[in-house]
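Undergrad: coords10.txt is the file, holding compact mmCIF, C-alpha atoms (C1' of nucleotides):
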# COMPACT_ATOMS: atom_id res chain seq x y z
CA MET A 1 1.96 -30.78 -17.85
CA GLU A 2 0.19 -27.47 -18.29
CA GLN A 3 -0.72 -27.47 -14.64
CA ASP A 4 2.88 -27.71 -13.45
CA ILE A 5 3.99 -24.90 -15.73
CA PHE A 6 1.51 -22.30 -14.58
CA ARG A 7 1.85 -23.32 -10.97
CA ALA A 8 5.62 -23.01 -11.22
CA LEU A 9 5.43 -19.55 -12.76
CA ALA A 10 2.87 -18.32 -10.26
CA ASP A 11 5.65 -17.78 -7.73
CA PRO A 12 7.59 -14.53 -8.21
CA THR A 13 10.80 -15.98 -6.81
CA ARG A 14 10.69 -18.80 -9.35
CA ARG A 15 10.10 -16.35 -12.18
CA THR A 16 13.16 -14.42 -11.04
CA ILE A 17 15.21 -17.62 -11.00
CA PHE A 18 13.97 -18.51 -14.46
CA GLU A 19 14.82 -15.05 -15.73
CA LYS A 20 18.34 -15.35 -14.36
CA LEU A 21 18.79 -18.70 -16.03
CA ALA A 22 17.53 -17.29 -19.31
CA ALA A 23 20.53 -14.97 -19.28
CA GLY A 24 22.78 -18.03 -19.12
CA GLY A 25 22.99 -21.36 -17.36
CA MET A 26 24.59 -21.51 -13.93
CA ASN A 27 24.66 -23.56 -10.74
CA ALA A 28 22.45 -23.14 -7.69
CA SER A 29 25.00 -21.25 -5.63
CA ALA A 30 25.55 -18.73 -8.39
CA LEU A 31 21.79 -18.32 -8.70
CA ARG A 32 21.50 -17.48 -5.02
CA GLU A 33 23.88 -14.52 -5.25
CA GLY A 34 22.03 -11.33 -4.47
CA MET A 35 18.78 -13.14 -3.89
CA ALA A 36 18.27 -13.39 -0.13
CA ILE A 37 17.15 -16.98 -0.32
CA SER A 38 18.31 -20.02 1.63
CA GLN A 39 20.01 -22.96 -0.02
CA PRO A 40 17.13 -25.39 0.60
CA ALA A 41 14.59 -22.88 -0.70
CA MET A 42 16.57 -22.50 -3.92
CA SER A 43 16.85 -26.25 -4.24
CA GLN A 44 13.09 -26.64 -3.81
CA HIS A 45 12.32 -23.93 -6.34
CA LEU A 46 14.64 -25.52 -8.88
CA ALA A 47 12.92 -28.86 -8.33
CA VAL A 48 9.56 -27.27 -9.10
CA LEU A 49 10.88 -25.57 -12.23
CA ARG A 50 12.50 -28.79 -13.33
CA GLN A 51 9.34 -30.78 -12.76
CA ALA A 52 7.47 -28.26 -14.87
CA GLY A 53 9.90 -28.71 -17.75
CA LEU A 54 11.02 -25.10 -17.54
CA VAL A 55 14.54 -25.91 -16.39
CA ARG A 56 16.88 -28.82 -16.93
CA GLU A 57 20.01 -29.79 -15.07
CA GLU A 58 23.34 -31.28 -15.96
CA ARG A 59 25.82 -32.62 -13.44
CA GLN A 60 29.26 -31.16 -13.86
CA GLY A 61 31.39 -32.79 -11.24
CA ARG A 62 30.52 -31.34 -7.89
CA PHE A 63 28.32 -28.69 -9.43
CA ILE A 64 25.03 -28.95 -11.23
CA ASN A 65 24.48 -26.61 -14.10
CA TYR A 66 20.89 -25.44 -14.49
CA GLU A 67 19.59 -23.98 -17.70
CA VAL A 68 16.34 -23.04 -19.39
CA ASP A 69 14.54 -25.99 -20.94
CA PRO A 70 12.90 -24.92 -24.20
CA ASP A 71 10.25 -27.62 -23.80
CA GLY A 72 8.55 -25.68 -21.04
CA LEU A 73 8.42 -22.51 -23.08
CA ALA A 74 7.07 -24.47 -26.01
CA LEU A 75 4.18 -25.63 -23.84
CA ILE A 76 3.31 -22.05 -22.95
CA ALA A 77 3.56 -20.98 -26.55
CA HIS A 78 1.26 -23.83 -27.47
CA TRP A 79 -1.23 -22.86 -24.81
CA LEU A 80 -1.14 -19.24 -25.94
CA ALA A 81 -1.59 -20.18 -29.58
CA LYS A 82 -5.01 -21.64 -28.75
CA TYR A 83 -6.25 -18.12 -28.13
CA ARG A 84 -4.70 -16.47 -31.13
CA ALA A 85 -8.10 -15.16 -32.19
CA TYR A 86 -7.93 -12.76 -29.25
CA TRP A 87 -4.39 -11.51 -29.65
CA PRO A 88 -4.35 -7.81 -30.28
CA ALA A 89 -3.04 -7.04 -33.72
CA ARG A 90 -0.47 -4.69 -32.28
CA ILE A 91 1.86 -7.38 -30.93
CA ASP A 92 4.44 -6.47 -33.47
CA ALA A 93 7.42 -7.61 -31.47
CA LEU A 94 6.22 -11.16 -31.76
CA LYS A 95 5.80 -10.86 -35.49
CA ASP A 96 9.27 -9.45 -35.91
CA LEU A 97 10.70 -12.18 -33.81
CA LEU A 98 9.22 -14.94 -35.90
CA ARG A 99 10.26 -13.21 -39.06
CA ASP A 100 13.80 -13.46 -37.72
CA MET A 101 13.33 -17.12 -37.01
CA ASP A 102 12.35 -17.73 -40.60
CA GLN A 103 15.73 -16.75 -41.89
CA MET B 1 0.46 -7.26 -13.45
CA GLU B 2 2.49 -10.29 -14.42
CA GLN B 3 2.02 -11.71 -10.95
CA ASP B 4 -1.77 -11.65 -11.18
CA ILE B 5 -1.76 -13.34 -14.58
CA PHE B 6 0.29 -16.36 -13.65
CA ARG B 7 -1.41 -16.71 -10.31
CA ALA B 8 -4.80 -16.63 -12.01
CA LEU B 9 -3.81 -19.27 -14.54
CA ALA B 10 -2.25 -21.53 -11.92
CA ASP B 11 -5.70 -22.77 -10.97
CA PRO B 12 -7.11 -25.45 -13.30
CA THR B 13 -10.70 -24.38 -12.71
CA ARG B 14 -9.88 -20.84 -13.79
CA ARG B 15 -8.13 -22.10 -16.92
CA THR B 16 -11.26 -24.07 -17.75
CA ILE B 17 -13.41 -20.99 -17.27
CA PHE B 18 -11.07 -18.97 -19.46
CA GLU B 19 -11.17 -21.65 -22.14
CA LYS B 20 -14.96 -21.62 -22.10
CA LEU B 21 -15.01 -17.87 -22.47
CA ALA B 22 -12.56 -18.06 -25.34
CA ALA B 23 -15.21 -20.00 -27.25
CA GLY B 24 -17.59 -17.09 -26.77
CA GLY B 25 -18.65 -14.62 -24.10
CA MET B 26 -21.38 -15.63 -21.68
CA ASN B 27 -22.72 -14.90 -18.21
CA ALA B 28 -21.71 -16.57 -14.96
CA SER B 29 -24.71 -18.90 -14.81
CA ALA B 30 -24.04 -20.20 -18.30
CA LEU B 31 -20.40 -20.72 -17.37
CA ARG B 32 -21.39 -22.88 -14.41
CA GLU B 33 -23.30 -25.35 -16.58
CA GLY B 34 -21.62 -28.75 -16.42
CA MET B 35 -18.93 -27.50 -14.10
CA ALA B 36 -19.83 -28.71 -10.59
CA ILE B 37 -18.97 -25.38 -9.02
CA SER B 38 -20.95 -23.21 -6.63
CA GLN B 39 -22.16 -19.75 -7.53
CA PRO B 40 -19.87 -17.94 -5.08
CA ALA B 41 -16.86 -19.97 -6.26
CA MET B 42 -17.56 -18.98 -9.85
CA SER B 43 -17.96 -15.37 -8.84
CA GLN B 44 -14.65 -15.44 -6.99
CA HIS B 45 -12.84 -17.07 -9.89
CA LEU B 46 -14.19 -14.49 -12.30
CA ALA B 47 -13.03 -11.72 -9.97
CA VAL B 48 -9.50 -13.16 -10.03
CA LEU B 49 -9.49 -13.48 -13.82
CA ARG B 50 -10.84 -9.98 -14.15
CA GLN B 51 -8.22 -8.58 -11.79
CA ALA B 52 -5.55 -10.29 -13.88
CA GLY B 53 -6.82 -8.62 -17.03
CA LEU B 54 -7.70 -11.96 -18.60
CA VAL B 55 -11.44 -11.37 -18.57
CA ARG B 56 -13.64 -8.31 -18.79
CA GLU B 57 -17.28 -7.86 -17.98
CA GLU B 58 -20.18 -5.93 -19.37
CA ARG B 59 -23.48 -5.42 -17.61
CA GLN B 60 -26.47 -6.37 -19.71
CA GLY B 61 -29.49 -5.64 -17.62
CA ARG B 62 -29.76 -8.29 -14.95
CA PHE B 63 -26.99 -10.36 -16.47
CA ILE B 64 -23.29 -9.70 -16.77
CA ASN B 65 -21.56 -10.85 -19.90
CA TYR B 66 -18.01 -12.05 -19.39
CA GLU B 67 -15.53 -12.31 -22.21
CA VAL B 68 -11.84 -12.79 -22.85
CA ASP B 69 -9.81 -9.62 -22.44
CA PRO B 70 -7.02 -9.53 -25.05
CA ASP B 71 -4.88 -7.39 -22.75
CA GLY B 72 -4.16 -10.33 -20.49
CA LEU B 73 -3.08 -12.52 -23.38
CA ALA B 74 -0.90 -9.72 -24.66
CA LEU B 75 0.91 -9.66 -21.31
CA ILE B 76 1.65 -13.37 -21.57
CA ALA B 77 2.81 -13.01 -25.15
CA HIS B 78 5.07 -10.20 -24.04
CA TRP B 79 6.49 -12.28 -21.20
CA LEU B 80 7.07 -15.19 -23.53
CA ALA B 81 8.75 -13.02 -26.14
CA LYS B 82 11.50 -12.21 -23.65
CA TYR B 83 12.70 -15.79 -23.95
CA ARG B 84 12.47 -16.11 -27.69
CA ALA B 85 16.11 -17.18 -27.83
CA TYR B 86 15.06 -20.46 -26.25
CA TRP B 87 12.03 -21.24 -28.33
CA PRO B 88 12.51 -24.45 -30.22
CA ALA B 89 12.61 -23.88 -33.94
CA ARG B 90 9.82 -26.37 -34.45
CA ILE B 91 7.00 -24.20 -33.14
CA ASP B 92 5.55 -23.99 -36.57
CA ALA B 93 2.00 -23.40 -35.51
CA LEU B 94 3.03 -20.08 -34.07
CA LYS B 95 4.84 -19.10 -37.22
CA ASP B 96 1.87 -20.01 -39.37
CA LEU B 97 -0.40 -18.08 -37.11
CA LEU B 98 1.58 -14.90 -37.40
CA ARG B 99 1.96 -15.34 -41.09
CA ASP B 100 -1.82 -15.32 -41.22
CA MET B 101 -1.93 -12.15 -39.20
CA ASP B 102 0.33 -10.44 -41.66
CA GLN B 103 -2.19 -10.71 -44.44
C1' DA C 1 -44.26 -2.39 -3.75
C1' DC C 2 -43.06 -7.21 -3.73
C1' DG C 3 -40.81 -11.27 -4.99
C1' DT C 4 -37.39 -13.26 -7.91
C1' DC C 5 -33.24 -13.86 -10.30
C1' DA C 6 -28.07 -12.84 -11.33
C1' DG C 7 -24.34 -11.98 -9.09
C1' DA C 8 -21.14 -10.06 -5.20
C1' DT C 9 -19.46 -10.12 -0.64
C1' DA C 10 -18.55 -11.94 4.23
C1' DA C 11 -16.87 -15.21 7.33
C1' DG C 12 -15.15 -19.64 8.37
C1' DT C 13 -12.46 -23.94 7.25
C1' DG C 14 -9.30 -27.47 5.28
C1' DT C 15 -5.47 -28.00 2.36
C1' DA C 16 -1.59 -26.42 -0.44
C1' DT C 17 2.53 -23.95 -0.49
C1' DG C 18 6.85 -21.65 0.62
C1' DC C 19 9.74 -21.09 4.19
C1' DT C 20 12.79 -22.62 8.09
C1' DT C 21 16.34 -25.78 10.61
C1' DA C 22 18.46 -30.14 10.55
C1' DT C 23 20.38 -33.93 8.22
C1' DG C 24 21.59 -36.89 3.98
C1' DT C 25 24.05 -37.74 -0.29
C1' DT C 26 27.42 -37.18 -3.75
C1' DT C 27 31.72 -35.54 -5.56
C1' DA C 28 36.16 -33.48 -5.21
C1' DT C 29 40.36 -32.29 -2.52
C1' DT C 30 44.16 -33.27 0.57
C1' DA D 1 40.44 -41.97 4.64
C1' DA D 2 38.89 -37.66 6.14
C1' DT D 3 37.08 -33.25 5.28
C1' DA D 4 34.71 -29.96 2.72
C1' DA D 5 31.68 -28.25 -0.82
C1' DA D 6 27.27 -28.44 -3.67
C1' DC D 7 23.01 -29.82 -3.48
C1' DA D 8 18.81 -32.79 -1.96
C1' DT D 9 15.61 -34.33 1.36
C1' DA D 10 12.89 -34.41 5.83
C1' DA D 11 9.99 -32.37 9.12
C1' DG D 12 7.67 -28.57 11.06
C1' DC D 13 5.32 -24.14 10.72
C1' DA D 14 2.87 -19.92 9.11
C1' DT D 15 0.47 -18.04 5.44
C1' DA D 16 -2.16 -18.21 1.10
C1' DC D 17 -5.80 -20.05 -1.32
C1' DA D 18 -10.02 -22.33 -2.88
C1' DC D 19 -13.95 -23.84 -1.08
C1' DT D 20 -18.27 -23.75 1.80
C1' DT D 21 -22.79 -21.52 3.84
C1' DA D 22 -25.07 -17.33 4.69
C1' DT D 23 -26.24 -12.80 3.50
C1' DC D 24 -26.27 -8.58 0.60
C1' DT D 25 -26.98 -5.72 -3.71
C1' DG D 26 -28.96 -4.57 -7.93
C1' DA D 27 -32.18 -5.25 -11.85
C1' DC D 28 -36.27 -7.07 -13.69
C1' DG D 29 -41.41 -8.74 -13.81
C1' DT D 30 -45.94 -8.68 -11.88
Transcribe the structure of this file into structure tokens.

TA:
Amino acid sequence: MEQDIFRALADPTRRTIFEKLAAGGMNASALREGMAISQPAMSQHLAVLRQAGLVREERQGRFINYEVDPDGLALIAHWLAKYRAYWPARIDALKDLLRDMDQ
Amino acid sequence: MEQDIFRALADPTRRTIFEKLAAGGMNASALREGMAISQPAMSQHLAVLRQAGLVREERQGRFINYEVDPDGLALIAHWLAKYRAYWPARIDALKDLLRDMDQ
DNA sequence: ACGTCAGATAAGTGTATGCTTATGTTTATT
DNA sequence: AATAAACATAAGCATACACTTATCTGACGT
């Protein structure tokens, strides 16, 4: 849901978590390192991100590996595409990126 | 600021307002039509969207014309581009769109 | 100058949200 | 079986947020 996505990303702590996961999947304890956040808080944030489709989890024995879920990003991209008429022409990075994807 | 953008879009009413403006600039009274929202509420929402760089205003006599500010969308596009590695390959609409822009 | 209209701002209120501490649940280790 | 580790859930609390009513500001028409 669009609502869940934007609500999830409205919190700076959750954006930080998401950013960390984008650099590579890891478990909740690893995510907490250097973050001054309690274990329950992290768990709650991950639940929100998961509900939004931005993060998915995979049990690995006693650990749970969290990683970026492309579905969430796709929803944002889709939302953004609706307003393409207003994108400034100078977003060249985006063009380059999609040129890469075409190969 | 990234924070302002996501916070602004987290509210469904503000997304509706933004969507309406994307179809064409208009003043606050016109925006309220068919929206069951008070005048102060609309004014406050527009202030948040403006602060986020998603909307800009232009005085026209007694009216103020509000319209989509491309700068805000550019910020989102920039944020999204950071996670391009995770975009699913099937976002074809986006590819088509940028192919259009290249012409 | 006066009233009116478009919109902003102020102050108050209920609810949502992010945190805390405490406890539950699941899996591995011994 | 018992303990410990990784994480989830529950309950309570303080703050943020979106709304309301009331008032203010600025621009126009007469």

Undergrad: Counting only C-alpha atoms (C1' of nucleotides), which residue out of D:DT3, D:DT15, D:DT9, D:DT21 sits closest to DG24 in chain C?

TA: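 Checking each of D:DT3, D:DT15, D:DT9, D:DT21 against DG24 in chain C, counting only C-alpha atoms (C1' of nucleotides), the winner is D:DT9.
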
Undergrad: Within 9 Å of chain C, which residues of chain B are there when counting all atoms listed in the file? Please give them as a PDB file with C-alpha atoms, keeping the file's coordinate frame.

TA:
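What landed in selection.pdb:
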ATOM      1  CA  ASN B  27     -22.720 -14.900 -18.210  1.00  0.00           C
ATOM      2  CA  ALA B  28     -21.710 -16.570 -14.960  1.00  0.00           C
ATOM      3  CA  SER B  29     -24.710 -18.900 -14.810  1.00  0.00           C
ATOM      4  CA  GLN B  39     -22.160 -19.750  -7.530  1.00  0.00           C
ATOM      5  CA  PRO B  40     -19.870 -17.940  -5.080  1.00  0.00           C
ATOM      6  CA  SER B  43     -17.960 -15.370  -8.840  1.00  0.00           C
ATOM      7  CA  GLN B  44     -14.650 -15.440  -6.990  1.00  0.00           C
ATOM      8  CA  ARG B  62     -29.760  -8.290 -14.950  1.00  0.00           C
ATOM      9  CA  PHE B  63     -26.990 -10.360 -16.470  1.00  0.00           C
ATOM     10  CA  ILE B  64     -23.290  -9.700 -16.770  1.00  0.00           C
TER      11      ILE B  64
END

Undergrad: C1' of DA8 in chain D and CA of Ser38 in chain A, how far apart in Å?

TA: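 Result for CA of Ser38 in chain A versus C1' of DA8 in chain D: 13.3 Å, one decimal.
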
Undergrad: Looking at only C-alpha atoms, which of B:Trp79, B:Val55, B:Leu73, B:Pro12 is the one that sits closest to Gly25 in chain B?

TA: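 Among the listed residues, the smallest separation from Gly25 in chain B belongs to B:Val55.
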
Undergrad: So which residues touch Arg7 in chain A within 8 Å, counting only C-alpha atoms (C1' of nucleotides), skipping near sequence neighbours fewer than 6 positions away, as a short mmCIF file (atom, residue, chain, number, x, y, z; two decimals) with C-alpha atoms, in the coordinates of the input?

TA:
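Dumped to part.cif:
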data_model
loop_
_atom_site.label_atom_id
_atom_site.label_comp_id
_atom_site.auth_asym_id
_atom_site.auth_seq_id
_atom_site.Cartn_x
_atom_site.Cartn_y
_atom_site.Cartn_z
CA PHE B 6 0.29 -16.36 -13.65
CA ARG B 7 -1.41 -16.71 -10.31
CA LEU B 9 -3.81 -19.27 -14.54
CA ALA B 10 -2.25 -21.53 -11.92
CA ASP B 11 -5.70 -22.77 -10.97
#

Undergrad: Every residue with an atom at most 12 Å from (18.4, -19.1, -21.4) (file coordinates; all atoms listed in the file) is what I'm after, so could you write them as a PyMOL selection string?

TA: (chain A and resi 17-26+54-56+66-70+72-73) or (chain B and resi 82-88)

Undergrad: Compile the residues of chain D that lie within 9 Å of chain A, evaluated using all atoms listed in the file, and express the compilation as a list in words.

TA: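 Close enough to count are DA5, DA6, DC7 and DA8 of chain D.
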
Undergrad: The selected residues should be written to file as a PDB file, in the coordinates of the input (atoms: C-alpha atoms (C1' of nucleotides)).

TA:
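The result, stored in result.pdb:
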ATOM      1  C1'  DA D   5      31.680 -28.250  -0.820  1.00  0.00           C
ATOM      2  C1'  DA D   6      27.270 -28.440  -3.670  1.00  0.00           C
ATOM      3  C1'  DC D   7      23.010 -29.820  -3.480  1.00  0.00           C
ATOM      4  C1'  DA D   8      18.810 -32.790  -1.960  1.00  0.00           C
TER       5       DA D   8
END
